[in-house]
Amino acid sequence: MLLTFSRKEFETLIKQGVKIHTIRQDKHNRWKPGRKIHFWLGNPRNVKKHPYQFGEGKCTDVAFIEIFPKKNMVRISYDGVNYGTFCKIQELNELAVDDGFTNWEHMKEWFSEDFKGKMIFWKSLNCVWL
């Protein structure tokens, strides 16, 4: 399945193993462990912007996430287990870095409104916050 990214720095961070997941809506519940991932910078359907595939991977895990940026709060559940609500800046910063942002404040610029969706992992779950 395609995972498209609009920011060039995400390509570098994925290749370096820093960005280990992405957060998406997944309205049709398509992401499941074992699915093949095709990483793209840009959307291959928009050839005018010169998109390209920069890697392949495999979905290792999927978690449900709720982001409340104005409350500095994130809720995560995984495999039907509620892991809780995270409000500590250390946890929020680590989550942000694992998603390719410099810190929680930077991530809140992207997720400026409340958000519910999924975390799609392509690396093992070894996060302090989960």
# chains A, B, ... in the order shown; residues from 1 in each chain; ligands from 1
$ residues_around --residues "Ser77 of chain A" --least-positions-apart "4" --cutoff "6 Å" --atoms "only C-alpha atoms" --output "list in words"
Ala63, Phe64, Val81, Asn82 and Tyr83 of chain A
$ select_by_dssp --residues "chain A" --states "strand (DSSP E or B)" --output "ChimeraX atom specification"
/A:2-5,21-24,36-41,52-58,61-68,73-78,81-86,115-121
$ write_last_selection --atoms "C-alpha atoms" --output "PDB file, in the first residue's frame"
ATOM      1  CA  LEU A   2       1.094   3.550  -0.628  1.00  0.00           C
ATOM      2  CA  LEU A   3       2.231   5.892   2.116  1.00  0.00           C
ATOM      3  CA  THR A   4       2.771   9.332   0.652  1.00  0.00           C
ATOM      4  CA  PHE A   5       4.658  12.141   2.356  1.00  0.00           C
ATOM      5  CA  HIS A  21       5.542   5.498  12.247  1.00  0.00           C
ATOM      6  CA  THR A  22       3.051   7.799  10.634  1.00  0.00           C
ATOM      7  CA  ILE A  23      -0.336   8.989  11.791  1.00  0.00           C
ATOM      8  CA  ARG A  24      -3.261   8.710   9.382  1.00  0.00           C
ATOM      9  CA  LYS A  36       3.639  -4.087   2.390  1.00  0.00           C
ATOM     10  CA  ILE A  37       4.412  -0.349   2.403  1.00  0.00           C
ATOM     11  CA  HIS A  38       5.545   1.680  -0.587  1.00  0.00           C
ATOM     12  CA  PHE A  39       7.036   4.959   0.692  1.00  0.00           C
ATOM     13  CA  TRP A  40       6.551   7.887  -1.706  1.00  0.00           C
ATOM     14  CA  LEU A  41       7.542  11.520  -1.611  1.00  0.00           C
ATOM     15  CA  TYR A  52       8.969   9.177  -6.530  1.00  0.00           C
ATOM     16  CA  GLN A  53       9.113   6.030  -4.458  1.00  0.00           C
ATOM     17  CA  PHE A  54      12.013   6.118  -2.015  1.00  0.00           C
ATOM     18  CA  GLY A  55      11.588   2.841  -0.190  1.00  0.00           C
ATOM     19  CA  GLU A  56       9.594  -0.188   0.808  1.00  0.00           C
ATOM     20  CA  GLY A  57       8.742  -1.641   4.162  1.00  0.00           C
ATOM     21  CA  LYS A  58       6.230  -3.695   6.053  1.00  0.00           C
ATOM     22  CA  ASP A  61       1.831  -2.712  14.062  1.00  0.00           C
ATOM     23  CA  VAL A  62      -1.173  -0.414  14.090  1.00  0.00           C
ATOM     24  CA  ALA A  63      -2.372   1.549  17.119  1.00  0.00           C
ATOM     25  CA  PHE A  64      -5.337   3.859  17.603  1.00  0.00           C
ATOM     26  CA  ILE A  65      -4.453   7.451  18.524  1.00  0.00           C
ATOM     27  CA  GLU A  66      -6.342  10.535  19.658  1.00  0.00           C
ATOM     28  CA  ILE A  67      -4.449  13.827  19.633  1.00  0.00           C
ATOM     29  CA  PHE A  68      -5.650  16.840  21.623  1.00  0.00           C
ATOM     30  CA  MET A  73      -2.634  15.330  25.498  1.00  0.00           C
ATOM     31  CA  VAL A  74      -2.525  12.106  23.486  1.00  0.00           C
ATOM     32  CA  ARG A  75      -4.469   8.879  24.060  1.00  0.00           C
ATOM     33  CA  ILE A  76      -3.195   5.627  22.600  1.00  0.00           C
ATOM     34  CA  SER A  77      -4.650   2.145  22.481  1.00  0.00           C
ATOM     35  CA  TYR A  78      -3.043  -0.900  20.958  1.00  0.00           C
ATOM     36  CA  VAL A  81      -5.717  -2.352  25.242  1.00  0.00           C
ATOM     37  CA  ASN A  82      -5.951   1.265  26.375  1.00  0.00           C
ATOM     38  CA  TYR A  83      -2.419   2.388  27.159  1.00  0.00           C
ATOM     39  CA  GLY A  84      -3.649   5.584  28.663  1.00  0.00           C
ATOM     40  CA  THR A  85      -3.427   9.306  28.290  1.00  0.00           C
ATOM     41  CA  PHE A  86      -0.046  10.961  27.851  1.00  0.00           C
ATOM     42  CA  PHE A 115      -7.543  14.274  15.673  1.00  0.00           C
ATOM     43  CA  LYS A 116      -8.547  10.597  15.796  1.00  0.00           C
ATOM     44  CA  GLY A 117      -6.796   8.038  13.657  1.00  0.00           C
ATOM     45  CA  LYS A 118      -4.192   5.332  13.492  1.00  0.00           C
ATOM     46  CA  MET A 119      -0.472   5.061  14.006  1.00  0.00           C
ATOM     47  CA  ILE A 120       1.073   2.898  11.305  1.00  0.00           C
ATOM     48  CA  PHE A 121       4.408   1.412  12.406  1.00  0.00           C
TER      49      PHE A 121
END
$ atom_distance --atom1 "atom CA of Asp79 of chain A" --atom2 "atom CA of Gly17 of chain A"
23.7 Å
$ residues_around --residues "Trp110 of chain A" --least-positions-apart "3" --cutoff "10 Å" --atoms "only C-alpha atoms" --output "NGL selection string"
:A and (69 or 101 or 105-107 or 113)
$ atom_distance --atom1 "atom CA of Lys71 of chain A" --atom2 "atom CA of Asn29 of chain A"
27.1 Å
$ residues_around --residues "His50 of chain A" --least-positions-apart "4" --cutoff "12 Å" --atoms "only C-alpha atoms" --output "mmCIF file with C-alpha atoms, in the first residue's frame"
data_model
loop_
_atom_site.group_PDB
_atom_site.id
_atom_site.type_symbol
_atom_site.label_atom_id
_atom_site.label_comp_id
_atom_site.auth_asym_id
_atom_site.auth_seq_id
_atom_site.Cartn_x
_atom_site.Cartn_y
_atom_site.Cartn_z
ATOM 1 C CA SER A 6 4.701 15.817 1.484
ATOM 2 C CA TRP A 40 6.551 7.887 -1.706
ATOM 3 C CA LEU A 41 7.542 11.520 -1.611
ATOM 4 C CA GLY A 42 4.560 13.172 -3.231
ATOM 5 C CA ASN A 43 1.520 11.457 -4.652
ATOM 6 C CA PRO A 44 2.185 9.205 -7.667
ATOM 7 C CA ARG A 45 -1.167 10.293 -9.096
ATOM 8 C CA ASN A 46 0.131 13.873 -9.403
#
$ closest_residue --among "A:Ile20, A:Leu92, A:Val97, A:Met1" --to "Asn72 of chain A" --atoms "only C-alpha atoms"
A:Leu92
$ select_by_dssp --residues "segment 16-99 of chain A" --states "alpha helix (DSSP H)" --output "list in words"
Gln16, Ile89, Gln90, Glu91, Leu92, Asn93, Glu94, Leu95, Ala96, Val97 and Asp98 of chain A
